[in-house]
>>> print(open('target_34.pdb').read())   # PDB, C-alpha atoms, pLDDT in the B column
ATOM      1  CA  MET A   2      -9.259 -13.849 -40.074  1.00 59.00           C
ATOM      2  CA  SER A   3      -8.339 -10.236 -40.844  1.00 65.00           C
ATOM      3  CA  ASP A   4     -10.799  -9.151 -38.125  1.00 85.00           C
ATOM      4  CA  PHE A   5      -8.863 -11.239 -35.619  1.00 85.00           C
ATOM      5  CA  PHE A   6      -5.582  -9.432 -36.341  1.00 83.00           C
ATOM      6  CA  SER A   7      -7.285  -6.048 -36.416  1.00 87.00           C
ATOM      7  CA  ASN A   8      -9.094  -6.640 -33.119  1.00 88.00           C
ATOM      8  CA  THR A   9      -6.004  -8.108 -31.480  1.00 86.00           C
ATOM      9  CA  SER A  10      -3.896  -5.152 -32.596  1.00 87.00           C
ATOM     10  CA  GLY A  11      -6.454  -2.751 -31.157  1.00 86.00           C
ATOM     11  CA  VAL A  12      -6.435  -4.509 -27.787  1.00 88.00           C
ATOM     12  CA  LEU A  13      -2.671  -4.988 -27.501  1.00 87.00           C
ATOM     13  CA  SER A  14      -1.642  -1.524 -28.713  1.00 88.00           C
ATOM     14  CA  ASN A  15      -3.849   0.179 -26.111  1.00 85.00           C
ATOM     15  CA  ARG A  16      -3.247  -2.284 -23.295  1.00 80.00           C
ATOM     16  CA  THR A  17      -1.324  -1.304 -20.168  1.00 74.00           C
ATOM     17  CA  PHE A  18       1.268  -4.043 -19.827  1.00 74.00           C
ATOM     18  CA  HIS A  19       2.529  -5.523 -16.579  1.00 75.00           C
ATOM     19  CA  PRO A  20       4.626  -8.536 -15.533  1.00 77.00           C
ATOM     20  CA  GLU A  21       2.911 -11.778 -16.525  1.00 77.00           C
ATOM     21  CA  GLY A  22       1.444 -13.848 -13.719  1.00 71.00           C
ATOM     22  CA  ILE A  23       1.543 -11.072 -11.140  1.00 66.00           C
ATOM     23  CA  ARG A  24      -1.459 -11.262  -8.846  1.00 70.00           C
ATOM     24  CA  PHE A  25      -0.909  -8.400  -6.432  1.00 81.00           C
ATOM     25  CA  PRO A  26      -0.237  -4.865  -7.734  1.00 85.00           C
ATOM     26  CA  ALA A  27       1.215  -2.838  -4.870  1.00 90.00           C
ATOM     27  CA  SER A  28       2.843   0.532  -4.265  1.00 94.00           C
ATOM     28  CA  VAL A  29       4.997   2.115  -1.589  1.00 96.00           C
ATOM     29  CA  LEU A  30       5.979   5.688  -0.817  1.00 97.00           C
ATOM     30  CA  VAL A  31       9.576   6.661  -0.041  1.00 97.00           C
ATOM     31  CA  PRO A  32       8.950   9.734   2.173  1.00 97.00           C
ATOM     32  CA  MET A  33      11.797  12.267   2.273  1.00 96.00           C
ATOM     33  CA  PHE A  34      12.064  15.284   4.549  1.00 95.00           C
ATOM     34  CA  ASN A  35      14.473  18.208   4.588  1.00 93.00           C
ATOM     35  CA  ILE A  36      15.318  18.364   8.295  1.00 91.00           C
ATOM     36  CA  ASN A  37      17.725  21.178   9.225  1.00 90.00           C
ATOM     37  CA  GLY A  38      19.297  21.068   5.780  1.00 91.00           C
ATOM     38  CA  SER A  39      19.690  17.273   5.764  1.00 93.00           C
ATOM     39  CA  ILE A  40      17.585  14.993   3.575  1.00 95.00           C
ATOM     40  CA  ASN A  41      16.077  12.252   5.747  1.00 96.00           C
ATOM     41  CA  ILE A  42      14.166   9.157   4.676  1.00 97.00           C
ATOM     42  CA  MET A  43      11.289   8.026   6.864  1.00 97.00           C
ATOM     43  CA  LEU A  44      10.705   4.314   7.432  1.00 98.00           C
ATOM     44  CA  THR A  45       8.101   2.516   9.485  1.00 97.00           C
ATOM     45  CA  GLN A  46       8.572  -0.603  11.575  1.00 96.00           C
ATOM     46  CA  ARG A  47       5.768  -3.099  11.146  1.00 94.00           C
ATOM     47  CA  ALA A  48       3.802  -3.801  14.331  1.00 92.00           C
ATOM     48  CA  LEU A  49       5.290  -6.643  16.364  1.00 92.00           C
ATOM     49  CA  ASN A  50       2.002  -8.557  16.619  1.00 91.00           C
ATOM     50  CA  LEU A  51       1.385  -8.819  12.877  1.00 86.00           C
ATOM     51  CA  ASP A  52       1.238 -12.295  11.346  1.00 87.00           C
ATOM     52  CA  ARG A  53       3.355 -11.311   8.350  1.00 85.00           C
ATOM     53  CA  GLN A  54       6.826  -9.768   8.646  1.00 87.00           C
ATOM     54  CA  PRO A  55       6.432  -8.408  12.198  1.00 92.00           C
ATOM     55  CA  GLY A  56       9.162  -5.976  13.208  1.00 94.00           C
ATOM     56  CA  ASP A  57      10.491  -5.450   9.676  1.00 95.00           C
ATOM     57  CA  PHE A  58      11.266  -1.914   8.558  1.00 97.00           C
ATOM     58  CA  CYS A  59       9.484  -0.837   5.411  1.00 96.00           C
ATOM     59  CA  PHE A  60       7.989   2.083   3.538  1.00 97.00           C
ATOM     60  CA  PRO A  61       4.297   2.912   3.886  1.00 96.00           C
ATOM     61  CA  GLY A  62       2.371   1.107   1.179  1.00 94.00           C
ATOM     62  CA  GLY A  63       0.315  -1.914   0.276  1.00 90.00           C
ATOM     63  CA  MET A  64      -1.937  -3.584  -2.272  1.00 89.00           C
ATOM     64  CA  ALA A  65      -4.061  -1.638  -4.735  1.00 87.00           C
ATOM     65  CA  GLU A  66      -7.787  -1.311  -4.076  1.00 90.00           C
ATOM     66  CA  ASN A  67     -10.780  -0.466  -6.291  1.00 87.00           C
ATOM     67  CA  ASN A  68      -8.802   0.000  -9.518  1.00 83.00           C
ATOM     68  CA  GLU A  69      -6.793   2.892  -8.080  1.00 91.00           C
ATOM     69  CA  THR A  70      -3.568   3.972  -9.756  1.00 91.00           C
ATOM     70  CA  PRO A  71      -0.218   2.977  -8.214  1.00 91.00           C
ATOM     71  CA  GLU A  72       0.306   6.566  -7.076  1.00 94.00           C
ATOM     72  CA  GLN A  73      -3.112   6.665  -5.423  1.00 95.00           C
ATOM     73  CA  THR A  74      -2.330   3.408  -3.610  1.00 95.00           C
ATOM     74  CA  ALA A  75       0.938   4.781  -2.211  1.00 96.00           C
ATOM     75  CA  ILE A  76      -0.698   8.005  -1.011  1.00 96.00           C
ATOM     76  CA  ARG A  77      -3.708   6.252   0.528  1.00 96.00           C
ATOM     77  CA  GLU A  78      -1.597   3.689   2.366  1.00 96.00           C
ATOM     78  CA  THR A  79       0.719   6.411   3.660  1.00 97.00           C
ATOM     79  CA  PHE A  80      -2.233   8.282   5.125  1.00 96.00           C
ATOM     80  CA  GLU A  81      -3.714   5.123   6.664  1.00 95.00           C
ATOM     81  CA  GLU A  82      -0.418   4.120   8.309  1.00 95.00           C
ATOM     82  CA  THR A  83       1.024   7.478   9.329  1.00 96.00           C
ATOM     83  CA  GLY A  84      -1.699  10.105   8.993  1.00 95.00           C
ATOM     84  CA  ILE A  85       0.383  12.082   6.472  1.00 96.00           C
ATOM     85  CA  ASN A  86      -2.137  13.907   4.313  1.00 94.00           C
ATOM     86  CA  LYS A  87      -2.116  14.008   0.521  1.00 94.00           C
ATOM     87  CA  LYS A  88      -1.683  17.780   0.515  1.00 95.00           C
ATOM     88  CA  ASP A  89       1.665  17.388   2.316  1.00 96.00           C
ATOM     89  CA  ILE A  90       2.983  14.898  -0.258  1.00 96.00           C
ATOM     90  CA  LYS A  91       4.753  15.929  -3.444  1.00 95.00           C
ATOM     91  CA  ILE A  92       5.497  12.958  -5.686  1.00 96.00           C
ATOM     92  CA  LEU A  93       8.951  13.364  -7.240  1.00 95.00           C
ATOM     93  CA  GLY A  94       8.681  10.318  -9.500  1.00 94.00           C
ATOM     94  CA  HIS A  95       8.818   6.551  -9.405  1.00 92.00           C
ATOM     95  CA  LEU A  96      11.803   4.311  -8.825  1.00 95.00           C
ATOM     96  CA  ASP A  97      12.359   0.937 -10.508  1.00 93.00           C
ATOM     97  CA  TYR A  98       9.522  -1.480  -9.878  1.00 90.00           C
ATOM     98  CA  ILE A  99      10.132  -4.743  -8.024  1.00 89.00           C
ATOM     99  CA  VAL A 100       8.609  -8.152  -8.643  1.00 85.00           C
ATOM    100  CA  SER A 101       8.549 -10.033  -5.354  1.00 78.00           C
ATOM    101  CA  SER A 102       8.905 -13.765  -4.823  1.00 73.00           C
ATOM    102  CA  PHE A 103       5.323 -13.929  -3.507  1.00 73.00           C
ATOM    103  CA  GLY A 104       3.751 -12.519  -6.656  1.00 73.00           C
ATOM    104  CA  ALA A 105       3.530  -8.794  -5.942  1.00 79.00           C
ATOM    105  CA  TYR A 106       4.404  -6.097  -8.464  1.00 86.00           C
ATOM    106  CA  ILE A 107       5.630  -3.175  -6.374  1.00 92.00           C
ATOM    107  CA  THR A 108       5.938   0.385  -7.657  1.00 93.00           C
ATOM    108  CA  PRO A 109       7.933   2.694  -5.338  1.00 95.00           C
ATOM    109  CA  PHE A 110       7.368   6.460  -5.460  1.00 96.00           C
ATOM    110  CA  ALA A 111       9.911   8.937  -4.127  1.00 96.00           C
ATOM    111  CA  ALA A 112       8.187  11.868  -2.444  1.00 95.00           C
ATOM    112  CA  LYS A 113       8.997  15.126  -0.697  1.00 96.00           C
ATOM    113  CA  ILE A 114       6.979  15.547   2.493  1.00 96.00           C
ATOM    114  CA  ASP A 115       6.258  18.948   3.993  1.00 94.00           C
ATOM    115  CA  ASN A 116       8.020  19.226   7.363  1.00 92.00           C
ATOM    116  CA  SER A 117       4.794  20.361   9.024  1.00 91.00           C
ATOM    117  CA  ALA A 118       3.504  16.798   8.557  1.00 92.00           C
ATOM    118  CA  ILE A 119       5.910  15.495  11.212  1.00 91.00           C
ATOM    119  CA  ASN A 120       3.991  17.056  14.091  1.00 90.00           C
ATOM    120  CA  LYS A 121       0.639  16.085  12.572  1.00 91.00           C
ATOM    121  CA  MET A 122       1.384  12.399  12.092  1.00 92.00           C
ATOM    122  CA  SER A 123      -1.079   9.901  13.540  1.00 93.00           C
ATOM    123  CA  ILE A 124       0.538   6.461  13.596  1.00 92.00           C
ATOM    124  CA  SER A 125      -1.713   3.428  13.160  1.00 93.00           C
ATOM    125  CA  LYS A 126      -0.697   1.264  16.128  1.00 92.00           C
ATOM    126  CA  SER A 127      -2.303  -1.804  14.550  1.00 92.00           C
ATOM    127  CA  GLU A 128       0.150  -1.570  11.646  1.00 92.00           C
ATOM    128  CA  VAL A 129       3.146   0.444  12.807  1.00 94.00           C
ATOM    129  CA  GLU A 130       5.414  -0.108  15.824  1.00 95.00           C
ATOM    130  CA  LYS A 131       7.487   3.034  15.347  1.00 95.00           C
ATOM    131  CA  VAL A 132       8.783   5.506  12.782  1.00 96.00           C
ATOM    132  CA  ILE A 133      12.457   6.291  12.181  1.00 96.00           C
ATOM    133  CA  PHE A 134      14.268   8.943  10.148  1.00 97.00           C
ATOM    134  CA  VAL A 135      17.560   8.023   8.471  1.00 97.00           C
ATOM    135  CA  PRO A 136      19.792  10.644   6.828  1.00 97.00           C
ATOM    136  CA  LEU A 137      20.052   9.911   3.104  1.00 96.00           C
ATOM    137  CA  ILE A 138      23.812  10.533   3.294  1.00 96.00           C
ATOM    138  CA  HIS A 139      24.090   7.499   5.588  1.00 97.00           C
ATOM    139  CA  PHE A 140      22.597   5.192   2.969  1.00 97.00           C
ATOM    140  CA  ILE A 141      24.776   6.706   0.250  1.00 95.00           C
ATOM    141  CA  SER A 142      28.061   6.706   2.180  1.00 95.00           C
ATOM    142  CA  VAL A 143      27.701   3.351   3.957  1.00 95.00           C
ATOM    143  CA  PRO A 144      27.249   0.534   1.393  1.00 94.00           C
ATOM    144  CA  PRO A 145      24.852  -2.244   2.387  1.00 97.00           C
ATOM    145  CA  GLN A 146      26.054  -5.712   3.268  1.00 97.00           C
ATOM    146  CA  LEU A 147      25.282  -8.130   0.450  1.00 97.00           C
ATOM    147  CA  TYR A 148      24.371 -11.795   0.852  1.00 96.00           C
ATOM    148  CA  ARG A 149      23.651 -13.892  -2.235  1.00 94.00           C
ATOM    149  CA  ILE A 150      21.122 -16.680  -1.760  1.00 93.00           C
ATOM    150  CA  GLU A 151      20.990 -19.611  -4.170  1.00 92.00           C
ATOM    151  CA  MET A 152      17.416 -20.643  -4.942  1.00 88.00           C
ATOM    152  CA  LYS A 153      16.761 -24.398  -4.906  1.00 89.00           C
ATOM    153  CA  HIS A 154      14.286 -26.329  -7.038  1.00 89.00           C
ATOM    154  CA  SER A 155      11.639 -28.387  -5.256  1.00 91.00           C
ATOM    155  CA  PHE A 156       9.366 -30.528  -7.433  1.00 94.00           C
ATOM    156  CA  PRO A 157       6.004 -32.132  -6.628  1.00 95.00           C
ATOM    157  CA  LYS A 158       5.985 -35.926  -6.701  1.00 95.00           C
ATOM    158  CA  ASP A 159       3.913 -35.991  -9.873  1.00 96.00           C
ATOM    159  CA  PHE A 160       6.074 -33.517 -11.807  1.00 96.00           C
ATOM    160  CA  PRO A 161       6.132 -34.777 -15.458  1.00 97.00           C
ATOM    161  CA  PHE A 162       9.875 -35.201 -15.952  1.00 96.00           C
ATOM    162  CA  ASP A 163       9.059 -37.582 -18.828  1.00 96.00           C
ATOM    163  CA  LYS A 164       7.792 -34.602 -20.860  1.00 97.00           C
ATOM    164  CA  ILE A 165      11.114 -32.762 -20.608  1.00 95.00           C
ATOM    165  CA  TYR A 166      14.143 -33.558 -22.747  1.00 95.00           C
ATOM    166  CA  GLY A 167      16.687 -34.962 -20.308  1.00 94.00           C
ATOM    167  CA  GLY A 168      14.061 -35.838 -17.705  1.00 95.00           C
ATOM    168  CA  LYS A 169      15.351 -35.696 -14.154  1.00 93.00           C
ATOM    169  CA  ASN A 170      18.804 -34.879 -15.526  1.00 94.00           C
ATOM    170  CA  TYR A 171      17.594 -31.650 -17.131  1.00 94.00           C
ATOM    171  CA  GLN A 172      20.136 -28.906 -16.495  1.00 92.00           C
ATOM    172  CA  TRP A 173      18.118 -26.305 -14.634  1.00 92.00           C
ATOM    173  CA  ARG A 174      19.782 -22.906 -14.555  1.00 91.00           C
ATOM    174  CA  LYS A 175      20.865 -21.746 -11.129  1.00 89.00           C
ATOM    175  CA  SER A 176      19.106 -18.665  -9.836  1.00 88.00           C
ATOM    176  CA  TYR A 177      20.123 -16.322  -7.079  1.00 89.00           C
ATOM    177  CA  MET A 178      18.542 -13.615  -4.951  1.00 88.00           C
ATOM    178  CA  ASP A 179      20.559 -10.736  -3.535  1.00 92.00           C
ATOM    179  CA  GLU A 180      19.691  -9.667   0.006  1.00 95.00           C
ATOM    180  CA  TYR A 181      20.945  -6.274   1.166  1.00 97.00           C
ATOM    181  CA  PHE A 182      21.266  -5.148   4.789  1.00 98.00           C
ATOM    182  CA  TYR A 183      21.590  -1.585   6.050  1.00 98.00           C
ATOM    183  CA  GLU A 184      22.015  -0.685   9.719  1.00 97.00           C
ATOM    184  CA  TYR A 185      21.371   2.610  11.471  1.00 96.00           C
ATOM    185  CA  ASN A 186      21.378   3.234  15.221  1.00 95.00           C
ATOM    186  CA  GLY A 187      20.765  -0.451  15.914  1.00 95.00           C
ATOM    187  CA  ASP A 188      17.891  -0.788  13.452  1.00 96.00           C
ATOM    188  CA  VAL A 189      18.254  -3.143  10.476  1.00 97.00           C
ATOM    189  CA  ILE A 190      16.719  -2.442   7.069  1.00 97.00           C
ATOM    190  CA  TRP A 191      16.699  -5.398   4.716  1.00 97.00           C
ATOM    191  CA  GLY A 192      14.617  -7.265   2.126  1.00 94.00           C
ATOM    192  CA  ILE A 193      12.588  -5.375  -0.475  1.00 94.00           C
ATOM    193  CA  THR A 194      12.917  -2.151   1.519  1.00 96.00           C
ATOM    194  CA  ALA A 195      16.713  -2.314   1.328  1.00 97.00           C
ATOM    195  CA  ARG A 196      16.486  -2.973  -2.412  1.00 96.00           C
ATOM    196  CA  ILE A 197      14.367   0.156  -2.835  1.00 97.00           C
ATOM    197  CA  VAL A 198      16.821   2.208  -0.761  1.00 97.00           C
ATOM    198  CA  LYS A 199      19.743   0.947  -2.834  1.00 97.00           C
ATOM    199  CA  ASN A 200      17.891   1.691  -6.070  1.00 96.00           C
ATOM    200  CA  LEU A 201      17.284   5.278  -4.924  1.00 96.00           C
ATOM    201  CA  CYS A 202      20.946   5.685  -3.937  1.00 96.00           C
ATOM    202  CA  ASP A 203      22.132   4.234  -7.257  1.00 94.00           C
ATOM    203  CA  ILE A 204      19.927   6.661  -9.212  1.00 95.00           C
ATOM    204  CA  ILE A 205      21.256   9.603  -7.170  1.00 95.00           C
ATOM    205  CA  LYS A 206      24.883   8.550  -7.727  1.00 93.00           C
ATOM    206  CA  GLU A 207      24.484   7.745 -11.424  1.00 92.00           C
ATOM    207  CA  ASN A 208      22.947  11.150 -12.086  1.00 93.00           C
ATOM    208  CA  ASN A 209      25.284  13.120  -9.800  1.00 91.00           C
ATOM    209  CA  ILE A 210      22.372  14.560  -7.815  1.00 90.00           C
ATOM    210  CA  SER A 211      23.562  16.753  -4.958  1.00 87.00           C
ATOM    211  CA  ILE A 212      21.937  16.023  -1.609  1.00 85.00           C
ATOM    212  CA  SER A 213      23.373  19.002   0.236  1.00 73.00           C
TER
END
>>> encode(input="target_34.pdb", output="structure tokens")
Amino acid sequence: MSDFFSNTSGVLSNRTFHPEGIRFPASVLVPMFNINGSINIMLTQRALNLDRQPGDFCFPGGMAENNETPEQTAIRETFEETGINKKDIKILGHLDYIVSSFGAYITPFAAKIDNSAINKMSISKSEVEKVIFVPLIHFISVPPQLYRIEMKHSFPKDFPFDKIYGGKNYQWRKSYMDEYFYEYNGDVIWGITARIVKNLCDIIKENNISIS
């Protein structure tokens, strides 16, 4: 029995932990450019013919492949979608991770991109409709619209209510999801992308980071 505790301790103490039940580790890059003295964030619009989330604005990124690190995923996906090369990317650090409703564990990385990369970009038309640049000051000075969505419970017909104290009258806790919406020049940024933008802005404000 002592071997069990010793072996378990060895495994758990050296294990990289992650959210339980998460099936899809993913990463995104938050590309930032200094354009004429103004910090701009680059976003991509997903191609309009995609089956999933067509037309949504997002950051370059995607699911991990071949046991790569989260940072490697973000850099690879950025190159595949925009042609921005690794040598033009300086990772500044990671923002707060996000666990999505569809089972993805998303790690966002803030990055400084060399301005020379703008003229060298090669957009993947199969993935990206267009690229936009939004001044960071816009996101910081114009708060997003907030809509709170109440999540409803939907049970399968064979759900074993008889195994739960209270049965069908069990008092399930209400859960909510906050949806943020930013707008810039007619484009709308919402969903997980808006949450990442807000997280970046909150970190900047909380730490009194100057953006001038």
>>> resolve_selection(input="target_34.pdb", expression="the PyMOL selection byres ((chain A and resi 23-28) around 6)", output="list in words")
Pro20, Glu21, Gly22, Val29, Gly62, Gly63, Met64, Ala65, Pro71, Thr74, Ala75, Gly104, Ala105, Tyr106, Ile107, Thr108 and Pro109 of chain A
>>> resolve_selection(input="target_34.pdb", expression="the PyMOL selection byres ((chain A and resi 39) around 8)", output="CSV table (one decimal) with C-alpha atoms, keeping the file's coordinate frame")
chain,number,residue,atom,x,y,z
A,34,PHE,CA,12.1,15.3,4.5
A,35,ASN,CA,14.5,18.2,4.6
A,36,ILE,CA,15.3,18.4,8.3
A,37,ASN,CA,17.7,21.2,9.2
A,38,GLY,CA,19.3,21.1,5.8
A,40,ILE,CA,17.6,15.0,3.6
A,41,ASN,CA,16.1,12.3,5.7
A,136,PRO,CA,19.8,10.6,6.8
A,137,LEU,CA,20.1,9.9,3.1
A,212,ILE,CA,21.9,16.0,-1.6
A,213,SER,CA,23.4,19.0,0.2
>>> resolve_selection(input="target_34.pdb", expression="the PyMOL selection byres ((chain A and resi 48-59) around 6)", output="list in words")
Leu44, Thr45, Gln46, Arg47, Phe60, Glu128, Val129, Glu130, Ile190 and Thr194 of chain A
>>> atom_distance(input="target_34.pdb", atom1="atom CA of Phe80 of chain A", atom2="atom CA of Ile133 of chain A")
16.4 Å
>>> atom_distance(input="target_34.pdb", atom1="atom CA of Lys113 of chain A", atom2="atom CA of Pro61 of chain A")
13.9 Å
>>> closest_residue(input="target_34.pdb", among="A:Gly187, A:Ser101, A:Ile124, A:Asp115", to="Thr79 of chain A", atoms="all atoms listed in the file")
A:Ile124
>>> closest_residue(input="target_34.pdb", among="A:Glu78, A:Glu207, A:Asp97, A:Asp89", to="Ile193 of chain A", atoms="all atoms listed in the file")
A:Asp97
>>> closest_residue(input="target_34.pdb", among="A:Val189, A:Ile90, A:Met152, A:Cys202", to="Ser102 of chain A", atoms="only C-alpha atoms")
A:Met152
>>> closest_residue(input="target_34.pdb", among="A:Ser10, A:Val143, A:Lys88, A:His154", to="Ile114 of chain A", atoms="only C-alpha atoms")
A:Lys88
>>> atom_distance(input="target_34.pdb", atom1="atom CA of Leu147 of chain A", atom2="atom CA of Asp188 of chain A")
16.7 Å
>>> closest_residue(input="target_34.pdb", among="A:Ile197, A:Val12, A:Asn120, A:Ser155", to="Leu30 of chain A", atoms="only C-alpha atoms")
A:Ile197
>>> residues_around(input="target_34.pdb", residues="Glu184 of chain A", least_positions_apart="5", cutoff="10 Å", atoms="only C-alpha atoms", output="CSV table (one decimal) with C-alpha atoms, in the frame of the given file")
chain,number,residue,atom,x,y,z
A,135,VAL,CA,17.6,8.0,8.5
A,139,HIS,CA,24.1,7.5,5.6
A,140,PHE,CA,22.6,5.2,3.0
A,143,VAL,CA,27.7,3.4,4.0
A,144,PRO,CA,27.2,0.5,1.4
A,145,PRO,CA,24.9,-2.2,2.4
A,146,GLN,CA,26.1,-5.7,3.3
A,189,VAL,CA,18.3,-3.1,10.5
A,190,ILE,CA,16.7,-2.4,7.1
A,191,TRP,CA,16.7,-5.4,4.7
>>> closest_residue(input="target_34.pdb", among="A:Val31, A:Phe160, A:Glu151, A:Asn209", to="His95 of chain A", atoms="only C-alpha atoms")
A:Val31
>>> residues_around(input="target_34.pdb", residues="Trp173 of chain A", least_positions_apart="3", cutoff="12 Å", atoms="only C-alpha atoms", output="list in words")
Met152, Lys153, His154, Ser155, Ile165, Tyr166, Gly167, Gly168, Lys169, Asn170 and Ser176 of chain A
>>> build_atoms(input="target_34.pdb", residues="segment 97-105 of chain A", atoms="all heavy atoms", output="short mmCIF file (atom, residue, chain, number, x, y, z; two decimals), in the frame of the given file")
data_model
loop_
_atom_site.label_atom_id
_atom_site.label_comp_id
_atom_site.auth_asym_id
_atom_site.auth_seq_id
_atom_site.Cartn_x
_atom_site.Cartn_y
_atom_site.Cartn_z
N ASP A 97 12.54 2.18 -9.75
CA ASP A 97 12.36 0.94 -10.51
C ASP A 97 11.39 0.02 -9.77
O ASP A 97 11.48 -0.13 -8.54
CB ASP A 97 13.70 0.22 -10.69
CG ASP A 97 14.65 1.01 -11.58
OD1 ASP A 97 14.15 1.81 -12.40
OD2 ASP A 97 15.87 0.81 -11.46
N TYR A 98 10.48 -0.59 -10.52
CA TYR A 98 9.52 -1.48 -9.88
C TYR A 98 10.21 -2.79 -9.48
O TYR A 98 11.27 -3.15 -9.99
CB TYR A 98 8.32 -1.75 -10.78
CG TYR A 98 8.60 -2.54 -12.04
CD1 TYR A 98 8.76 -3.92 -12.02
CD2 TYR A 98 8.72 -1.89 -13.27
CE1 TYR A 98 9.02 -4.63 -13.16
CE2 TYR A 98 8.98 -2.60 -14.42
CZ TYR A 98 9.13 -3.98 -14.37
OH TYR A 98 9.41 -4.68 -15.51
N ILE A 99 9.59 -3.49 -8.54
CA ILE A 99 10.13 -4.74 -8.02
C ILE A 99 9.07 -5.83 -8.15
O ILE A 99 7.91 -5.61 -7.81
CB ILE A 99 10.56 -4.59 -6.55
CG1 ILE A 99 11.78 -3.67 -6.44
CG2 ILE A 99 10.88 -5.95 -5.92
CD1 ILE A 99 12.22 -3.40 -5.02
N VAL A 100 9.49 -6.99 -8.63
CA VAL A 100 8.61 -8.15 -8.64
C VAL A 100 9.06 -9.06 -7.51
O VAL A 100 10.19 -9.54 -7.50
CB VAL A 100 8.68 -8.91 -9.98
CG1 VAL A 100 7.77 -10.13 -9.95
CG2 VAL A 100 8.27 -7.98 -11.14
N SER A 101 8.18 -9.26 -6.53
CA SER A 101 8.55 -10.03 -5.35
C SER A 101 8.39 -11.53 -5.60
O SER A 101 7.72 -11.96 -6.54
CB SER A 101 7.69 -9.63 -4.15
OG SER A 101 6.40 -10.20 -4.26
N SER A 102 8.98 -12.31 -4.71
CA SER A 102 8.90 -13.76 -4.82
C SER A 102 7.52 -14.29 -4.50
O SER A 102 7.19 -15.43 -4.81
CB SER A 102 9.94 -14.42 -3.88
OG SER A 102 9.71 -14.02 -2.54
N PHE A 103 6.66 -13.46 -3.85
CA PHE A 103 5.32 -13.93 -3.51
C PHE A 103 4.26 -13.40 -4.47
O PHE A 103 3.07 -13.46 -4.19
CB PHE A 103 4.97 -13.56 -2.06
CG PHE A 103 5.10 -12.11 -1.72
CD1 PHE A 103 4.08 -11.22 -1.95
CD2 PHE A 103 6.28 -11.64 -1.14
CE1 PHE A 103 4.21 -9.87 -1.63
CE2 PHE A 103 6.42 -10.31 -0.81
CZ PHE A 103 5.39 -9.42 -1.05
N GLY A 104 4.70 -12.87 -5.61
CA GLY A 104 3.75 -12.52 -6.66
C GLY A 104 3.25 -11.10 -6.64
O GLY A 104 2.24 -10.79 -7.28
N ALA A 105 3.94 -10.20 -5.95
CA ALA A 105 3.53 -8.79 -5.94
C ALA A 105 4.39 -7.99 -6.91
O ALA A 105 5.58 -8.24 -7.07
CB ALA A 105 3.64 -8.21 -4.54
#
